[in-house]
file run_20.txt (compact mmCIF, C-alpha atoms)
# COMPACT_ATOMS: atom_id res chain seq x y z
CA MET A 1 199.98 13.73 52.36
CA GLU A 2 201.34 12.60 49.04
CA PHE A 3 200.77 14.93 46.05
CA LYS A 4 199.77 13.16 42.85
CA PRO A 5 199.86 15.42 39.76
CA ARG A 6 197.02 14.96 37.30
CA LEU A 7 195.69 16.61 34.18
CA PRO A 8 193.11 19.38 34.57
CA LYS A 9 189.53 18.68 33.76
CA GLU A 10 188.45 18.82 30.14
CA GLY A 11 187.36 22.31 29.03
CA ILE A 12 188.51 24.11 32.17
CA ASN A 13 189.68 27.14 30.12
CA THR A 14 186.55 27.22 28.00
CA SER A 15 183.61 29.47 28.88
CA ARG A 16 180.37 27.62 29.47
CA THR A 17 178.37 30.47 27.98
CA HIS A 18 177.94 31.15 24.27
CA PRO A 19 180.67 33.45 22.79
CA LEU A 20 177.99 35.83 21.48
CA LYS A 21 176.59 36.18 25.01
CA ASP A 22 180.06 37.01 26.35
CA PHE A 23 180.48 39.59 23.59
CA ALA A 24 177.07 41.10 24.32
CA VAL A 25 177.88 41.45 28.03
CA LEU A 26 181.25 43.03 27.24
CA PHE A 27 179.75 45.36 24.64
CA CYS A 28 176.95 46.52 26.95
CA GLY A 29 179.46 47.14 29.72
CA VAL A 30 181.68 49.26 27.49
CA LEU A 31 178.63 51.10 26.13
CA ALA A 32 177.36 51.84 29.64
CA LEU A 33 180.80 53.09 30.65
CA GLY A 34 180.95 55.33 27.58
CA ILE A 35 177.49 56.80 28.24
CA ALA A 36 178.30 57.44 31.90
CA LEU A 37 181.59 59.08 30.94
CA PHE A 38 179.83 61.20 28.31
CA PHE A 39 177.28 62.61 30.78
CA LEU A 40 179.92 63.19 33.43
CA LEU A 41 182.20 65.07 31.02
CA SER A 42 179.23 67.02 29.63
CA PHE A 43 178.29 68.16 33.11
CA LEU A 44 181.83 69.11 34.13
CA LEU A 45 182.63 70.84 30.83
CA GLY A 46 179.30 72.68 30.93
CA LEU A 47 180.16 74.09 34.34
CA ALA A 48 183.69 75.01 33.30
CA LEU A 49 182.70 76.71 30.05
CA GLN A 50 180.15 78.92 31.82
CA PHE A 51 182.96 80.54 33.80
CA ILE A 52 185.01 81.45 30.72
CA PRO A 53 185.02 85.27 30.35
CA PRO A 54 183.67 86.46 26.97
CA GLU A 55 187.04 87.91 25.93
CA LYS A 56 188.73 84.60 26.74
CA GLU A 57 186.06 82.73 24.80
CA ALA A 58 186.67 84.93 21.76
CA SER A 59 190.43 84.35 21.81
CA LEU A 60 190.09 80.64 22.65
CA PHE A 61 187.75 79.85 19.77
CA PHE A 62 188.97 82.39 17.24
CA GLY A 63 190.91 79.67 15.42
CA MET A 64 187.65 77.82 14.82
CA ARG A 65 186.76 80.38 12.17
CA ASP A 66 189.76 79.47 10.05
CA GLN A 67 189.09 75.75 10.53
CA LEU A 68 185.48 76.18 9.44
CA ARG A 69 186.56 78.06 6.33
CA THR A 70 188.71 75.09 5.32
CA LEU A 71 185.80 72.69 5.89
CA LEU A 72 183.08 74.75 4.22
CA THR A 73 182.68 76.55 0.92
CA GLU A 74 181.71 80.21 1.16
CA VAL A 75 178.91 81.41 -1.06
CA SER A 76 180.07 82.99 -4.32
CA ASP A 77 177.52 85.81 -4.06
CA PHE A 78 179.45 88.29 -1.92
CA ASP A 79 176.61 90.82 -2.20
CA ARG A 80 174.57 88.60 0.09
CA GLN A 81 177.47 88.27 2.48
CA ASP A 82 177.88 92.05 2.64
CA GLU A 83 174.13 92.56 2.98
CA LEU A 84 173.88 90.27 6.00
CA GLN A 85 177.02 91.69 7.58
CA ALA A 86 175.51 95.18 7.33
CA ILE A 87 172.31 93.95 9.02
CA LEU A 88 174.39 92.27 11.72
CA SER A 89 176.31 95.50 12.32
CA ARG A 90 173.05 97.40 12.75
CA LEU A 91 171.84 94.84 15.30
CA GLU A 92 175.13 95.13 17.19
CA GLU A 93 174.52 98.89 17.51
CA GLY A 94 171.23 98.07 19.23
CA TRP A 95 173.03 95.75 21.62
CA PRO A 96 175.90 97.79 23.11
CA GLU A 97 176.44 95.16 25.84
CA ALA A 98 177.51 92.56 23.24
CA PRO A 99 180.47 90.60 24.65
CA TYR A 100 182.55 90.73 21.45
CA PRO A 101 182.27 91.64 17.75
CA PHE A 102 180.49 89.14 15.51
CA GLU A 103 181.45 87.83 12.11
CA LEU A 104 179.16 86.40 9.44
CA LEU A 105 179.84 83.49 7.10
CA VAL A 106 177.44 82.55 4.29
CA ILE A 107 177.79 79.03 2.90
CA GLU A 108 176.30 77.21 -0.07
CA VAL A 109 173.73 74.91 1.53
CA PRO A 110 170.13 74.67 0.20
CA GLU A 111 168.64 74.05 3.65
CA ALA A 112 167.52 77.24 5.41
CA ASN A 113 169.56 77.50 8.58
CA ALA A 114 171.58 79.78 10.85
CA LEU A 115 174.10 78.62 13.46
CA ALA A 116 175.92 80.29 16.35
CA PHE A 117 179.52 79.23 16.99
CA PRO A 118 181.62 80.04 20.06
CA GLY A 119 183.74 83.16 19.76
CA GLY A 120 181.22 85.22 17.79
CA LEU A 121 180.85 83.45 14.43
CA ILE A 122 177.38 83.22 12.87
CA MET A 123 177.01 80.89 9.90
CA VAL A 124 174.06 81.35 7.55
CA THR A 125 173.12 79.09 4.64
CA ASP A 126 172.12 80.67 1.35
CA GLY A 127 168.97 78.55 1.52
CA LEU A 128 167.69 81.05 4.06
CA PHE A 129 167.22 83.59 1.26
CA ASP A 130 164.59 81.29 -0.27
CA GLU A 131 162.49 81.54 2.90
CA VAL A 132 163.15 85.16 3.92
CA SER A 133 163.22 88.06 1.47
CA THR A 134 162.99 91.22 3.61
CA GLU A 135 165.71 92.93 5.62
CA ASN A 136 163.67 92.75 8.81
CA GLY A 137 162.99 89.05 8.32
CA LEU A 138 166.71 88.38 7.95
CA ALA A 139 167.45 90.68 10.89
CA PHE A 140 165.17 88.64 13.15
CA VAL A 141 166.95 85.39 12.25
CA LEU A 142 170.34 86.96 12.96
CA ALA A 143 169.04 88.53 16.19
CA HIS A 144 167.79 85.09 17.25
CA GLU A 145 171.35 83.75 16.97
CA LEU A 146 172.60 86.76 18.93
CA GLY A 147 170.10 85.75 21.60
CA HIS A 148 171.90 82.44 21.99
CA PHE A 149 175.15 84.35 22.46
CA ALA A 150 173.51 86.64 25.02
CA HIS A 151 172.35 83.65 27.07
CA ARG A 152 175.56 81.68 26.37
CA ASP A 153 173.52 78.73 25.10
CA HIS A 154 176.20 77.88 22.55
CA LEU A 155 178.71 77.21 25.36
CA ARG A 156 176.31 75.06 27.36
CA HIS A 157 175.77 72.73 24.45
CA LEU A 158 179.27 72.87 23.10
CA SER A 159 180.21 70.82 26.17
CA ARG A 160 178.16 67.91 24.81
CA GLY A 161 180.04 67.93 21.53
CA LEU A 162 183.42 68.14 23.22
CA ALA A 163 182.46 65.35 25.63
CA LEU A 164 181.31 63.16 22.76
CA GLY A 165 184.51 63.85 20.84
CA THR A 166 186.59 62.95 23.90
CA VAL A 167 184.70 59.69 24.48
CA LEU A 168 185.00 58.71 20.82
CA THR A 169 188.72 59.44 20.94
CA LEU A 170 189.18 57.31 24.06
CA PHE A 171 187.28 54.34 22.70
CA THR A 172 188.42 54.46 19.08
CA GLY A 173 191.99 55.67 19.52
CA ALA A 174 191.49 58.24 16.78
CA GLY A 175 194.01 60.63 18.33
CA SER A 176 194.28 62.78 21.39
CA SER A 177 193.78 66.23 19.88
CA VAL A 178 190.47 67.95 19.21
CA GLY A 179 190.57 68.42 15.46
CA PRO A 180 188.26 70.13 12.96
CA ASP A 181 185.95 67.12 12.69
CA VAL A 182 185.35 67.12 16.44
CA LEU A 183 184.77 70.88 16.38
CA ARG A 184 182.30 70.46 13.56
CA LEU A 185 180.50 67.72 15.48
CA SER A 186 180.53 69.86 18.61
CA SER A 187 179.00 72.79 16.76
CA GLU A 188 176.42 70.53 15.15
CA ILE A 189 175.30 69.33 18.57
CA SER A 190 175.44 72.78 20.14
CA ASN A 191 173.11 74.28 17.55
CA ARG A 192 170.66 71.42 17.04
CA ARG A 193 169.92 70.60 20.66
CA PHE A 194 168.77 73.86 22.20
CA SER A 195 165.80 73.32 24.45
CA GLN A 196 162.43 74.87 23.74
CA LYS A 197 162.94 77.19 26.70
CA GLN A 198 166.22 78.43 25.22
CA GLU A 199 164.66 78.88 21.79
CA THR A 200 161.78 80.87 23.24
CA ALA A 201 164.20 83.09 25.16
CA ALA A 202 166.22 83.67 21.98
CA ASP A 203 163.04 84.58 20.07
CA LEU A 204 162.05 87.16 22.68
CA PHE A 205 165.57 88.59 22.76
CA ALA A 206 165.48 88.87 18.96
CA LEU A 207 162.11 90.61 19.03
CA GLU A 208 163.32 93.24 21.48
CA LEU A 209 166.59 93.75 19.59
CA LEU A 210 164.65 94.14 16.34
CA TYR A 211 162.56 96.90 17.93
CA LYS A 212 165.63 98.66 19.35
CA SER A 213 167.42 98.54 15.99
CA TYR A 214 164.55 99.44 13.65
CA GLY A 215 161.89 101.11 15.80
CA HIS A 216 159.34 98.45 14.79
CA VAL A 217 159.09 94.66 14.66
CA ASP A 218 157.88 94.12 11.11
CA GLY A 219 159.25 90.87 9.67
CA ALA A 220 159.62 89.09 13.00
CA THR A 221 157.32 86.23 11.95
CA GLU A 222 158.31 86.09 8.27
CA PHE A 223 160.57 83.05 8.48
CA PHE A 224 158.12 80.97 10.51
CA ALA A 225 155.20 81.97 8.27
CA SER A 226 157.22 81.00 5.20
CA ILE A 227 157.97 77.58 6.69
CA ILE A 228 154.27 76.98 7.38
CA GLU A 229 153.27 78.15 3.90
CA SER A 230 155.83 75.97 2.15
CA GLY A 231 154.92 72.97 4.26
CA GLU A 232 158.59 72.21 4.95
CA GLY A 233 160.15 71.38 8.28
CA GLY A 234 162.50 74.33 8.43
CA GLY A 235 165.60 72.19 8.43
CA SER A 236 168.06 72.27 11.29
CA PHE A 237 166.85 75.70 12.40
CA LEU A 238 163.63 74.13 13.67
CA SER A 239 165.05 70.77 14.76
CA SER A 240 163.68 70.01 18.25
CA HIS A 241 162.42 73.62 18.39
CA PRO A 242 158.91 74.82 19.25
CA ALA A 243 156.41 74.56 16.39
CA PRO A 244 156.47 77.54 13.97
CA GLN A 245 152.84 78.52 14.68
CA ALA A 246 153.45 78.46 18.44
CA ARG A 247 156.42 80.77 17.96
CA ILE A 248 154.37 83.13 15.82
CA ASP A 249 151.60 83.23 18.43
CA LEU A 250 154.07 84.03 21.21
CA LEU A 251 155.70 86.80 19.19
CA LEU A 252 152.37 88.38 18.31
CA GLU A 253 151.21 88.20 21.94
CA THR A 254 154.43 89.87 23.08
CA ILE A 255 154.15 92.57 20.42
CA ALA A 256 150.57 93.33 21.46
CA ALA A 257 151.43 93.34 25.17
CA ARG A 258 154.30 95.80 24.72
CA GLY A 259 152.55 97.95 22.14
CA TRP A 260 155.40 97.74 19.64
CA ALA A 261 154.77 99.07 16.15
CA VAL A 262 154.33 96.63 13.28
call {"tool": "encode", "arguments": {"input": "run_20.txt", "output": "structure tokens"}}
result
Amino acid sequence: MEFKPRLPKEGINTSRTHPLKDFAVLFCGVLALGIALFFLLSFLLGLALQFIPPEKEASLFFGMRDQLRTLLTEVSDFDRQDELQAILSRLEEGWPEAPYPFELLVIEVPEANALAFPGGLIMVTDGLFDEVSTENGLAFVLAHELGHFAHRDHLRHLSRGLALGTVLTLFTGAGSSVGPDVLRLSSEISNRRFSQKQETAADLFALELLYKSYGHVDGATEFFASIIESGEGGGSFLSSHPAPQARIDLLLETIAARGWAV
């Protein structure tokens, strides 16, 4: 057989589909891969973090406190800081099984909020003082965050933030280390995405701790009642949480069932 060389057909290296269609297929494929990787990492990290001993958690995430201080501005009213730290210390006395000592950080943010960070850091915005004015009302909010520590909710959801940071790093090439921005994003996710079941458990833990610390549960519903009265959404503290009135009803039912003094 004699071989006769000839030119390839016209347009052999040109896709027959529209370039935008090729881009859409490629983009969807990468997006699907990123989502699958995110859920896989979230699951694996969630399992791994649950087995971290509390003392290891405290030492592992202690540096986060310094990083947060560089990212956030502390409130200038140190009397408020000292007041909340004193309340927190009293609550710790009512919870002798606490896994590690807790530290409080008050920041200048108008939105009423409180956040639990791995390693024992509780961040409170000064906007909370506009919604809660009594010591017991503030104590319940702090005890609620302690409830998340008790159930290790903050570690379960931190895995989502770390997984998201890892996926973003892989696909954007922003660097291989987990820096302050990723930690901030992780904490944002970990505190805004608690399930209603976890929030309810934290409320009940807070109610019991309030009774142990003060001998009564006055002020337990103050924050939620204030949110309803003001007609506001309660900011991040109530994001994806049960409705304020439903939380009040549950607290009052529990108080009545246990015969706790109000």
call {"tool": "closest_residue", "arguments": {"input": "run_20.txt", "among": "A:Ile107, A:Leu40, A:Ala139, A:Val132", "to": "Ser213 (chain A)", "atoms": "only C-alpha atoms"}}
result
A:Ala139
call {"tool": "closest_residue", "arguments": {"input": "run_20.txt", "among": "A:Ala201, A:Ile122, A:Leu170, A:Val106", "to": "Leu37 (chain A)", "atoms": "only C-alpha atoms"}}
result
A:Leu170
call {"tool": "atom_distance", "arguments": {"input": "run_20.txt", "atom1": "CA of His144 (chain A)", "atom2": "CA of Glu229 (chain A)"}}
result
20.9 Å
call {"tool": "residues_around", "arguments": {"input": "run_20.txt", "residues": "Ala86 (chain A)", "least_positions_apart": "6", "cutoff": "10 Å", "atoms": "all atoms listed in the file", "output": "ChimeraX atom specification"}}
result
/A:80,92,104,139
call {"tool": "residues_around", "arguments": {"input": "run_20.txt", "residues": "Pro99 (chain A)", "least_positions_apart": "2", "cutoff": "9 Å", "atoms": "all atoms listed in the file", "output": "VMD selection string"}}
result
chain A and resid 54 to 55 58 96 to 97 101 120 149 to 150
call {"tool": "closest_residue", "arguments": {"input": "run_20.txt", "among": "A:Gln196, A:Ser230, A:Asn113, A:Gln81", "to": "Glu145 (chain A)", "atoms": "all atoms listed in the file"}}
result
A:Asn113
call {"tool": "residues_around", "arguments": {"input": "run_20.txt", "residues": "Leu251 (chain A)", "least_positions_apart": "6", "cutoff": "12 Å", "atoms": "all atoms listed in the file", "output": "ChimeraX atom specification"}}
result
/A:140,200-208,210,217-222,224-225,244-245,257-260,262
call {"tool": "closest_residue", "arguments": {"input": "run_20.txt", "among": "A:Leu209, A:Val141, A:Leu20, A:Leu146", "to": "Tyr100 (chain A)", "atoms": "all atoms listed in the file"}}
result
A:Leu146
call {"tool": "closest_residue", "arguments": {"input": "run_20.txt", "among": "A:Met123, A:Leu115, A:Leu33, A:Leu138", "to": "Asp153 (chain A)", "atoms": "only C-alpha atoms"}}
result
A:Leu115
call {"tool": "atom_distance", "arguments": {"input": "run_20.txt", "atom1": "CA of Glu57 (chain A)", "atom2": "CA of Leu155 (chain A)"}}
result
9.2 Å
call {"tool": "atom_distance", "arguments": {"input": "run_20.txt", "atom1": "CA of Arg152 (chain A)", "atom2": "CA of Gly127 (chain A)"}}
result
25.9 Å
